[in-house]
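For reference, structure_21.cif (mmCIF, C-alpha atoms and all ligand atoms; chains and numbers go by the auth columns):
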data_my_file
loop_
_atom_site.group_PDB
_atom_site.id
_atom_site.type_symbol
_atom_site.label_atom_id
_atom_site.label_comp_id
_atom_site.label_asym_id
_atom_site.label_seq_id
_atom_site.Cartn_x
_atom_site.Cartn_y
_atom_site.Cartn_z
_atom_site.B_iso_or_equiv
_atom_site.auth_seq_id
_atom_site.auth_asym_id
ATOM 1 C CA MET A 1 -170.623 -47.627 -60.407 0.00 224 K
ATOM 2 C CA LYS A 2 -168.970 -46.800 -63.717 0.00 225 K
ATOM 3 C CA ARG A 3 -170.856 -49.198 -65.862 0.00 226 K
ATOM 4 C CA ILE A 4 -173.909 -51.335 -65.785 0.00 227 K
ATOM 5 C CA PHE A 5 -173.182 -54.906 -66.778 0.00 228 K
ATOM 6 C CA GLY A 6 -174.470 -56.078 -70.140 0.00 229 K
ATOM 7 C CA LYS A 7 -177.079 -58.736 -70.090 0.00 230 K
ATOM 8 C CA PRO A 8 -178.648 -59.690 -66.793 0.00 231 K
ATOM 9 C CA LEU A 9 -178.484 -63.410 -66.111 0.00 232 K
ATOM 10 C CA VAL A 10 -181.683 -63.085 -64.093 0.00 233 K
ATOM 11 C CA THR A 11 -183.766 -59.955 -64.592 0.00 234 K
ATOM 12 C CA GLN A 12 -185.596 -58.083 -61.832 0.00 235 K
ATOM 13 C CA GLU A 13 -188.890 -59.176 -63.301 0.00 236 K
ATOM 14 C CA HIS A 14 -187.939 -62.835 -63.353 0.00 237 K
ATOM 15 C CA MET A 15 -186.572 -62.566 -59.836 0.00 238 K
ATOM 16 C CA ARG A 16 -189.813 -61.059 -58.538 0.00 239 K
ATOM 17 C CA THR A 17 -191.961 -63.764 -60.109 0.00 240 K
ATOM 18 C CA ARG A 18 -189.815 -66.608 -58.815 0.00 241 K
ATOM 19 C CA ILE A 19 -189.608 -65.219 -55.278 0.00 242 K
ATOM 20 C CA LYS A 20 -193.405 -64.960 -55.148 0.00 243 K
ATOM 21 C CA GLU A 21 -193.606 -68.631 -56.146 0.00 244 K
ATOM 22 C CA LEU A 22 -191.095 -69.599 -53.463 0.00 245 K
ATOM 23 C CA GLY A 23 -193.069 -67.602 -50.887 0.00 246 K
ATOM 24 C CA ARG A 24 -196.279 -69.369 -51.865 0.00 247 K
ATOM 25 C CA GLN A 25 -194.617 -72.781 -51.657 0.00 248 K
ATOM 26 C CA ILE A 26 -193.051 -72.086 -48.254 0.00 249 K
ATOM 27 C CA SER A 27 -196.372 -70.695 -46.952 0.00 250 K
ATOM 28 C CA GLU A 28 -198.089 -73.952 -47.927 0.00 251 K
ATOM 29 C CA ASP A 29 -195.375 -76.183 -46.522 0.00 252 K
ATOM 30 C CA TYR A 30 -195.245 -74.411 -43.144 0.00 253 K
ATOM 31 C CA VAL A 31 -198.912 -73.602 -42.721 0.00 254 K
ATOM 32 C CA ASP A 32 -199.307 -75.752 -39.598 0.00 255 K
ATOM 33 C CA ARG A 33 -196.086 -74.628 -37.956 0.00 256 K
ATOM 34 C CA PRO A 34 -196.476 -71.509 -35.845 0.00 257 K
ATOM 35 C CA ASN A 35 -192.857 -71.297 -34.818 0.00 258 K
ATOM 36 C CA LEU A 36 -191.124 -70.548 -38.105 0.00 259 K
ATOM 37 C CA LEU A 37 -187.833 -68.654 -37.875 0.00 260 K
ATOM 38 C CA LEU A 38 -186.082 -67.471 -41.019 0.00 261 K
ATOM 39 C CA ILE A 39 -182.335 -67.025 -40.651 0.00 262 K
ATOM 40 C CA GLY A 40 -180.796 -64.795 -43.303 0.00 263 K
ATOM 41 C CA ILE A 41 -177.181 -65.576 -44.143 0.00 264 K
ATOM 42 C CA MET A 42 -175.500 -62.226 -44.612 0.00 265 K
ATOM 43 C CA LYS A 43 -174.346 -60.323 -46.362 0.00 266 K
ATOM 44 C CA GLY A 44 -175.189 -61.949 -49.690 0.00 267 K
ATOM 45 C CA ALA A 45 -178.786 -62.883 -48.901 0.00 268 K
ATOM 46 C CA PHE A 46 -179.929 -59.470 -47.663 0.00 269 K
ATOM 47 C CA LEU A 47 -182.024 -58.470 -50.684 0.00 270 K
ATOM 48 C CA PHE A 48 -183.392 -61.937 -51.353 0.00 271 K
ATOM 49 C CA TYR A 49 -184.224 -62.306 -47.667 0.00 272 K
ATOM 50 C CA ALA A 50 -186.133 -59.017 -47.551 0.00 273 K
ATOM 51 C CA ASP A 51 -188.166 -59.997 -50.607 0.00 274 K
ATOM 52 C CA LEU A 52 -188.745 -63.573 -49.493 0.00 275 K
ATOM 53 C CA VAL A 53 -190.098 -62.760 -46.008 0.00 276 K
ATOM 54 C CA ARG A 54 -192.622 -60.417 -47.625 0.00 277 K
ATOM 55 C CA ALA A 55 -193.723 -63.168 -50.001 0.00 278 K
ATOM 56 C CA ILE A 56 -194.462 -65.604 -47.151 0.00 279 K
ATOM 57 C CA ARG A 57 -198.009 -65.343 -45.865 0.00 280 K
ATOM 58 C CA LEU A 58 -197.425 -66.683 -42.377 0.00 281 K
ATOM 59 C CA PRO A 59 -196.471 -65.188 -39.027 0.00 282 K
ATOM 60 C CA LEU A 60 -192.733 -65.707 -38.715 0.00 283 K
ATOM 61 C CA GLN A 61 -189.692 -64.415 -36.910 0.00 284 K
ATOM 62 C CA VAL A 62 -186.422 -63.178 -38.339 0.00 285 K
ATOM 63 C CA ASP A 63 -182.798 -63.621 -37.390 0.00 286 K
ATOM 64 C CA PHE A 64 -179.453 -63.201 -39.130 0.00 287 K
ATOM 65 C CA LEU A 65 -176.013 -64.700 -39.272 0.00 288 K
ATOM 66 C CA VAL A 66 -173.030 -63.053 -40.865 0.00 289 K
ATOM 67 C CA VAL A 67 -170.843 -65.696 -42.430 0.00 290 K
ATOM 68 C CA SER A 68 -167.755 -65.185 -44.509 0.00 291 K
ATOM 69 C CA SER A 69 -166.168 -67.755 -46.772 0.00 292 K
ATOM 70 C CA TYR A 70 -164.527 -65.988 -49.670 0.00 293 K
ATOM 71 C CA GLU A 71 -162.527 -63.138 -48.194 0.00 294 K
ATOM 72 C CA GLY A 72 -162.849 -60.951 -51.261 0.00 295 K
ATOM 73 C CA ARG A 73 -161.791 -63.473 -53.863 0.00 296 K
ATOM 74 C CA SER A 74 -163.915 -64.970 -56.571 0.00 297 K
ATOM 75 C CA THR A 75 -163.058 -68.589 -55.877 0.00 298 K
ATOM 76 C CA THR A 76 -163.861 -70.515 -52.765 0.00 299 K
ATOM 77 C CA SER A 77 -161.208 -71.025 -50.118 0.00 300 K
ATOM 78 C CA GLY A 78 -163.373 -73.530 -48.307 0.00 301 K
ATOM 79 C CA LYS A 79 -162.780 -71.613 -45.057 0.00 302 K
ATOM 80 C CA ILE A 80 -165.974 -70.571 -43.364 0.00 303 K
ATOM 81 C CA LYS A 81 -166.159 -68.093 -40.533 0.00 304 K
ATOM 82 C CA MET A 82 -169.200 -67.247 -38.461 0.00 305 K
ATOM 83 C CA ILE A 83 -168.830 -63.555 -37.657 0.00 306 K
ATOM 84 C CA THR A 84 -171.990 -63.072 -35.598 0.00 307 K
ATOM 85 C CA GLU A 85 -174.200 -65.186 -33.343 0.00 308 K
ATOM 86 C CA LEU A 86 -177.945 -65.794 -33.504 0.00 309 K
ATOM 87 C CA THR A 87 -180.125 -63.737 -31.190 0.00 310 K
ATOM 88 C CA GLU A 88 -182.946 -66.303 -31.055 0.00 311 K
ATOM 89 C CA ASP A 89 -182.966 -69.709 -29.387 0.00 312 K
ATOM 90 C CA ILE A 90 -183.628 -72.228 -32.149 0.00 313 K
ATOM 91 C CA LYS A 91 -184.262 -75.296 -29.996 0.00 314 K
ATOM 92 C CA GLY A 92 -187.539 -76.984 -30.935 0.00 315 K
ATOM 93 C CA ARG A 93 -188.253 -74.500 -33.713 0.00 316 K
ATOM 94 C CA ASP A 94 -188.758 -74.771 -37.452 0.00 317 K
ATOM 95 C CA ILE A 95 -185.765 -73.096 -39.038 0.00 318 K
ATOM 96 C CA LEU A 96 -185.388 -71.987 -42.623 0.00 319 K
ATOM 97 C CA LEU A 97 -181.906 -70.830 -43.602 0.00 320 K
ATOM 98 C CA VAL A 98 -181.945 -68.265 -46.386 0.00 321 K
ATOM 99 C CA GLU A 99 -178.798 -68.271 -48.537 0.00 322 K
ATOM 100 C CA ASP A 100 -177.807 -66.257 -51.578 0.00 323 K
ATOM 101 C CA ILE A 101 -176.102 -69.071 -53.471 0.00 324 K
ATOM 102 C CA VAL A 102 -175.041 -72.661 -52.952 0.00 325 K
ATOM 103 C CA ASP A 103 -171.772 -73.224 -54.761 0.00 326 K
ATOM 104 C CA SER A 104 -169.416 -75.892 -53.344 0.00 327 K
ATOM 105 C CA GLY A 105 -172.043 -76.622 -50.674 0.00 328 K
ATOM 106 C CA LEU A 106 -169.495 -76.189 -47.867 0.00 329 K
ATOM 107 C CA THR A 107 -171.256 -73.241 -46.217 0.00 330 K
ATOM 108 C CA VAL A 108 -174.599 -75.017 -46.089 0.00 331 K
ATOM 109 C CA GLN A 109 -172.933 -78.191 -44.845 0.00 332 K
ATOM 110 C CA TYR A 110 -171.182 -76.221 -42.073 0.00 333 K
ATOM 111 C CA LEU A 111 -174.319 -74.326 -41.031 0.00 334 K
ATOM 112 C CA ARG A 112 -176.440 -77.473 -41.013 0.00 335 K
ATOM 113 C CA LYS A 113 -173.906 -79.120 -38.720 0.00 336 K
ATOM 114 C CA ILE A 114 -173.507 -76.189 -36.312 0.00 337 K
ATOM 115 C CA LEU A 115 -177.211 -75.306 -36.126 0.00 338 K
ATOM 116 C CA GLY A 116 -178.320 -78.947 -36.072 0.00 339 K
ATOM 117 C CA LYS A 117 -176.497 -79.302 -32.738 0.00 340 K
ATOM 118 C CA LYS A 118 -178.850 -76.738 -31.217 0.00 341 K
ATOM 119 C CA LYS A 119 -181.748 -79.170 -31.745 0.00 342 K
ATOM 120 C CA PRO A 120 -184.219 -77.284 -33.915 0.00 343 K
ATOM 121 C CA ARG A 121 -187.480 -79.116 -34.683 0.00 344 K
ATOM 122 C CA SER A 122 -186.648 -78.891 -38.378 0.00 345 K
ATOM 123 C CA LEU A 123 -183.926 -77.295 -40.458 0.00 346 K
ATOM 124 C CA ALA A 124 -184.338 -76.504 -44.147 0.00 347 K
ATOM 125 C CA VAL A 125 -182.484 -74.322 -46.642 0.00 348 K
ATOM 126 C CA CYS A 126 -183.794 -71.877 -49.218 0.00 349 K
ATOM 127 C CA ALA A 127 -181.223 -70.526 -51.692 0.00 350 K
ATOM 128 C CA LEU A 128 -181.846 -67.940 -54.365 0.00 351 K
ATOM 129 C CA LEU A 129 -179.238 -69.571 -56.607 0.00 352 K
ATOM 130 C CA SER A 130 -177.482 -72.875 -57.017 0.00 353 K
ATOM 131 C CA LYS A 131 -174.480 -73.840 -59.141 0.00 354 K
ATOM 132 C CA PRO A 132 -174.830 -77.640 -59.229 0.00 355 K
ATOM 133 C CA GLU A 133 -171.691 -78.100 -61.372 0.00 356 K
ATOM 134 C CA ARG A 134 -169.536 -76.690 -58.570 0.00 357 K
ATOM 135 C CA ARG A 135 -170.710 -78.930 -55.743 0.00 358 K
ATOM 136 C CA LYS A 136 -167.921 -80.442 -53.628 0.00 359 K
ATOM 137 C CA VAL A 137 -170.209 -81.940 -50.989 0.00 360 K
ATOM 138 C CA GLU A 138 -173.749 -83.270 -51.222 0.00 361 K
ATOM 139 C CA VAL A 139 -176.108 -81.046 -49.264 0.00 362 K
ATOM 140 C CA ALA A 140 -179.877 -80.856 -49.098 0.00 363 K
ATOM 141 C CA VAL A 141 -181.323 -77.570 -50.367 0.00 364 K
ATOM 142 C CA GLU A 142 -185.080 -77.742 -50.063 0.00 365 K
ATOM 143 C CA TYR A 143 -185.912 -74.572 -52.011 0.00 366 K
ATOM 144 C CA ILE A 144 -183.930 -73.181 -54.952 0.00 367 K
ATOM 145 C CA GLY A 145 -184.804 -70.042 -56.882 0.00 368 K
ATOM 146 C CA PHE A 146 -182.627 -70.604 -59.949 0.00 369 K
ATOM 147 C CA GLU A 147 -180.014 -73.086 -61.038 0.00 370 K
ATOM 148 C CA ILE A 148 -177.266 -71.204 -62.852 0.00 371 K
ATOM 149 C CA PRO A 149 -174.171 -72.207 -64.843 0.00 372 K
ATOM 150 C CA ASN A 150 -170.642 -72.181 -63.466 0.00 373 K
ATOM 151 C CA LYS A 151 -170.053 -68.414 -63.684 0.00 374 K
ATOM 152 C CA PHE A 152 -169.192 -65.865 -61.012 0.00 375 K
ATOM 153 C CA VAL A 153 -172.257 -63.691 -60.531 0.00 376 K
ATOM 154 C CA VAL A 154 -172.833 -60.355 -58.838 0.00 377 K
ATOM 155 C CA GLY A 155 -175.791 -58.163 -58.025 0.00 378 K
ATOM 156 C CA TYR A 156 -178.993 -58.570 -56.079 0.00 379 K
ATOM 157 C CA GLY A 157 -176.989 -58.864 -52.859 0.00 380 K
ATOM 158 C CA LEU A 158 -173.989 -60.748 -54.240 0.00 381 K
ATOM 159 C CA ASP A 159 -170.630 -59.015 -54.344 0.00 382 K
ATOM 160 C CA TYR A 160 -167.212 -58.969 -55.863 0.00 383 K
ATOM 161 C CA GLN A 161 -164.813 -57.491 -53.292 0.00 384 K
ATOM 162 C CA GLN A 162 -167.826 -56.068 -51.451 0.00 385 K
ATOM 163 C CA LYS A 163 -169.062 -54.177 -54.505 0.00 386 K
ATOM 164 C CA TYR A 164 -172.032 -54.628 -56.849 0.00 387 K
ATOM 165 C CA ARG A 165 -174.425 -55.834 -54.146 0.00 388 K
ATOM 166 C CA ASN A 166 -176.783 -53.015 -55.078 0.00 389 K
ATOM 167 C CA LEU A 167 -177.264 -54.034 -58.724 0.00 390 K
ATOM 168 C CA PRO A 168 -180.999 -54.689 -58.941 0.00 391 K
ATOM 169 C CA TYR A 169 -180.487 -57.778 -61.120 0.00 392 K
ATOM 170 C CA LEU A 170 -178.046 -60.658 -61.360 0.00 393 K
ATOM 171 C CA ALA A 171 -175.137 -60.352 -63.796 0.00 394 K
ATOM 172 C CA VAL A 172 -172.064 -62.379 -64.714 0.00 395 K
ATOM 173 C CA LEU A 173 -168.770 -60.785 -63.726 0.00 396 K
ATOM 174 C CA ASP A 174 -166.247 -61.477 -66.452 0.00 397 K
ATOM 175 C CA ASP A 175 -162.441 -61.493 -66.346 0.00 398 K
ATOM 176 C CA ALA A 176 -162.229 -57.985 -67.779 0.00 399 K
ATOM 177 C CA ASP A 177 -164.319 -56.628 -64.903 0.00 400 K
ATOM 178 C CA MET A 178 -162.097 -58.349 -62.360 0.00 401 K
ATOM 179 C CA GLU A 179 -158.872 -57.153 -63.995 0.00 402 K
ATOM 180 C CA SER A 180 -160.031 -53.575 -64.250 0.00 403 K
ATOM 181 C CA GLY A 181 -161.004 -53.721 -60.562 0.00 404 K
ATOM 182 C CA GLN A 182 -164.209 -51.829 -61.283 0.00 405 K
HETATM 183 P P1 LIG B . -170.191 -72.435 -50.906 0.00 501 O
HETATM 184 O O1 LIG B . -169.814 -72.623 -49.487 0.00 501 O
HETATM 185 O O2 LIG B . -171.469 -73.153 -51.306 0.00 501 O
HETATM 186 O O3 LIG B . -169.055 -72.749 -51.851 0.00 501 O
HETATM 187 O O4 LIG B . -170.367 -70.909 -51.166 0.00 501 O
HETATM 188 C C1 LIG B . -171.310 -70.158 -50.577 0.00 501 O
HETATM 189 C C2 LIG B . -170.953 -68.698 -50.621 0.00 501 O
HETATM 190 O O5 LIG B . -169.982 -68.350 -51.604 0.00 501 O
HETATM 191 C C3 LIG B . -172.175 -67.921 -51.003 0.00 501 O
HETATM 192 O O6 LIG B . -172.970 -67.662 -49.876 0.00 501 O
HETATM 193 C C4 LIG B . -171.592 -66.682 -51.652 0.00 501 O
HETATM 194 O O7 LIG B . -171.354 -65.698 -50.681 0.00 501 O
HETATM 195 C C5 LIG B . -170.288 -67.134 -52.251 0.00 501 O
HETATM 196 N N1 LIG B . -170.419 -67.383 -53.699 0.00 501 O
HETATM 197 C C6 LIG B . -170.463 -68.552 -54.356 0.00 501 O
HETATM 198 N N2 LIG B . -170.596 -68.385 -55.684 0.00 501 O
HETATM 199 C C7 LIG B . -170.655 -67.040 -55.873 0.00 501 O
HETATM 200 C C8 LIG B . -170.820 -66.223 -57.033 0.00 501 O
HETATM 201 O O8 LIG B . -170.954 -66.659 -58.173 0.00 501 O
HETATM 202 N N3 LIG B . -170.834 -64.879 -56.805 0.00 501 O
HETATM 203 C C9 LIG B . -170.703 -64.332 -55.576 0.00 501 O
HETATM 204 N N4 LIG B . -170.731 -63.012 -55.493 0.00 501 O
HETATM 205 N N5 LIG B . -170.559 -65.075 -54.461 0.00 501 O
HETATM 206 C C10 LIG B . -170.534 -66.414 -54.618 0.00 501 O
#
Could you spell out this file's structure in structure tokens?
Ligand code: 5GP
Amino acid sequence: MKRIFGKPLVTQEHMRTRIKELGRQISEDYVDRPNLLLIGIMKGAFLFYADLVRAIRLPLQVDFLVVSSYEGRSTTSGKIKMITELTEDIKGRDILLVEDIVDSGLTVQYLRKILGKKKPRSLAVCALLSKPERRKVEVAVEYIGFEIPNKFVVGYGLDYQQKYRNLPYLAVLDDADMESGQ
């Protein structure tokens, strides 16, 4: 990585504090439900997911789905592809989908539809980030870490052309970064 981006939009510190709060909230909301399964939507949610599960003080199970919607570009194509399948049966279970960011809302809408058909007991969504200005469809997102402005962000799991996922904070990728292909 040639350069570290200027000002973080969300610092590591802020991220840590907010994820602890989300974990506490989810632990309270699901306290009477022994069958909680957290499904991490990869790749973008991998760091958030790892931090969130450790902030939840309940026995839970983990599963993952690899979904692709952007194919390396920084604007949405609206085409969503499920690249992997779940390994757990979700019928009758409490499911919490863990997303990196809700942008147009199309991915969450698609996943709610597909997974809803498998008859879980409940299905909720927890997203680290939300860009409300960009919504194309109305979707329910029960837990949101941060609402952010309409900017393309990278870091903390989020990529630009598969890079920058390892930045430990969230930063805005500007046009100069995209043009230089860094
Ligand atoms: P949606 O279907 O809500 O438009 O988009 C969801 C997916 O688009 C996210 O899971 C994420 O992978 C990608 N995405 C949306 N906005 C951004 C962004 O600002 N930065 C990055 N890196 N990915 C984004």
With distances taken over only C-alpha atoms, which of K:Val276, K:Ile262, K:Cys349, K:Leu396 is nearest to K:Gly378? K:Leu396
Rank nothing, just name the residue among K:Ile249, K:Met238, K:Arg277, K:Pro231 nearest to K:Phe369, using all atoms listed in the file.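 Checking each of K:Ile249, K:Met238, K:Arg277, K:Pro231 against K:Phe369, counting all atoms listed in the file, the winner is K:Met238.
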Using only C-alpha atoms and all ligand atoms, which residues have at least one atom no more than 7 Å from ligand LIG 501 (chain O)? Output them as a list in words.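 Checking only C-alpha atoms and all ligand atoms against ligand LIG 501 (chain O) at 7 Å gives Gly267, Ser292, Tyr293, Ser297, Thr299, Gly301, Glu322, Asp323, Ile324, Val325, Asp326, Ser327, Gly328, Leu329, Thr330, Val331, Lys374, Phe375, Val376, Val377, Leu381, Asp382 and Tyr383 of chain K.
Between K:Leu346 and the candidates K:Ala394, K:Glu361, K:Tyr253, K:Arg247, the tightest atom-to-atom separation, counting only C-alpha atoms, involves K:Tyr253.
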Env of K:Thr307: 10 Å cut, atoms = all atoms listed in the file, seq-sep filter 6 positions within chain, self excluded. Answer as a ChimeraX atom specification. /K:265,287-290
Counting only C-alpha atoms, the option among K:Gln385, K:Ser345, K:Ser353, K:Ser291 closest to K:Asp317: K:Ser345
Residues within 10 Å of stretch 254-260 of chain K, all atoms listed in the file, excluding chain neighbours under 2 positions, as a CSV table (one decimal) with C-alpha atoms, keeping the file's coordinate frame:
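Ended up saving to part.csv:
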chain,number,residue,atom,x,y,z
K,248,GLN,CA,-194.6,-72.8,-51.7
K,249,ILE,CA,-193.1,-72.1,-48.3
K,250,SER,CA,-196.4,-70.7,-47.0
K,251,GLU,CA,-198.1,-74.0,-47.9
K,252,ASP,CA,-195.4,-76.2,-46.5
K,262,ILE,CA,-182.3,-67.0,-40.7
K,263,GLY,CA,-180.8,-64.8,-43.3
K,280,ARG,CA,-198.0,-65.3,-45.9
K,281,LEU,CA,-197.4,-66.7,-42.4
K,282,PRO,CA,-196.5,-65.2,-39.0
K,283,LEU,CA,-192.7,-65.7,-38.7
K,284,GLN,CA,-189.7,-64.4,-36.9
K,285,VAL,CA,-186.4,-63.2,-38.3
K,286,ASP,CA,-182.8,-63.6,-37.4
K,311,GLU,CA,-182.9,-66.3,-31.1
K,312,ASP,CA,-183.0,-69.7,-29.4
K,313,ILE,CA,-183.6,-72.2,-32.1
K,315,GLY,CA,-187.5,-77.0,-30.9
K,316,ARG,CA,-188.3,-74.5,-33.7
K,317,ASP,CA,-188.8,-74.8,-37.5
K,318,ILE,CA,-185.8,-73.1,-39.0
K,319,LEU,CA,-185.4,-72.0,-42.6
K,320,LEU,CA,-181.9,-70.8,-43.6
K,344,ARG,CA,-187.5,-79.1,-34.7
K,345,SER,CA,-186.6,-78.9,-38.4
K,346,LEU,CA,-183.9,-77.3,-40.5
I'd like to see the residues matched by the PyMOL selection byres (((chain K and resi 341) around 9) and not hetatm) on this file, and ideally I'd get them as a list of chain:residue names.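 Output from the PyMOL selection byres (((chain K and resi 341) around 9) and not hetatm), applied to this file: K:Asp312, K:Ile313, K:Lys314, K:Gly315, K:Ile337, K:Leu338, K:Gly339, K:Lys340, K:Lys342, K:Pro343.
Nearest to K:Pro391 of all the residues K:Leu261, K:Tyr379, K:Lys304, K:Glu365 is K:Tyr379, based on all atoms listed in the file.
Between atom CA of K:Val362 and atom CA of K:Thr234 lies a distance of 27.2 Å.
Taking atom CA of K:Pro355 and atom CA of K:Gln332 as endpoints, the distance between them is 14.5 Å.
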Quick one: pull the distance between atom CA of K:Gly380 and atom CA of K:Glu244, Å, one decimal.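 Going from atom CA of K:Gly380 over to atom CA of K:Glu244 covers 19.6 Å.
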Specify the axis-aligned box that encloses all atoms of stretch 327-331 of chain K listed in the file after padding of 8 Å on each side, stating its centre and edge lengths in Å to one decimal as AutoDock Vina command-line options.
--center_x -172.0 --center_y -74.9 --center_z -49.7 --size_x 21.2 --size_y 19.4 --size_z 23.3
For K:Lys243, which residue among K:Val360, K:Ala268, K:Leu334, K:Ile279 is the nearest when counting all atoms listed in the file?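 Checking each of K:Val360, K:Ala268, K:Leu334, K:Ile279 against K:Lys243, counting all atoms listed in the file, the winner is K:Ile279.
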Non-local contacts of K:Leu232 (8 Å; all atoms listed in the file; under 6 positions in same chain excluded) as a list in words: Tyr392, Leu393, Ala394 and Val395 of chain K
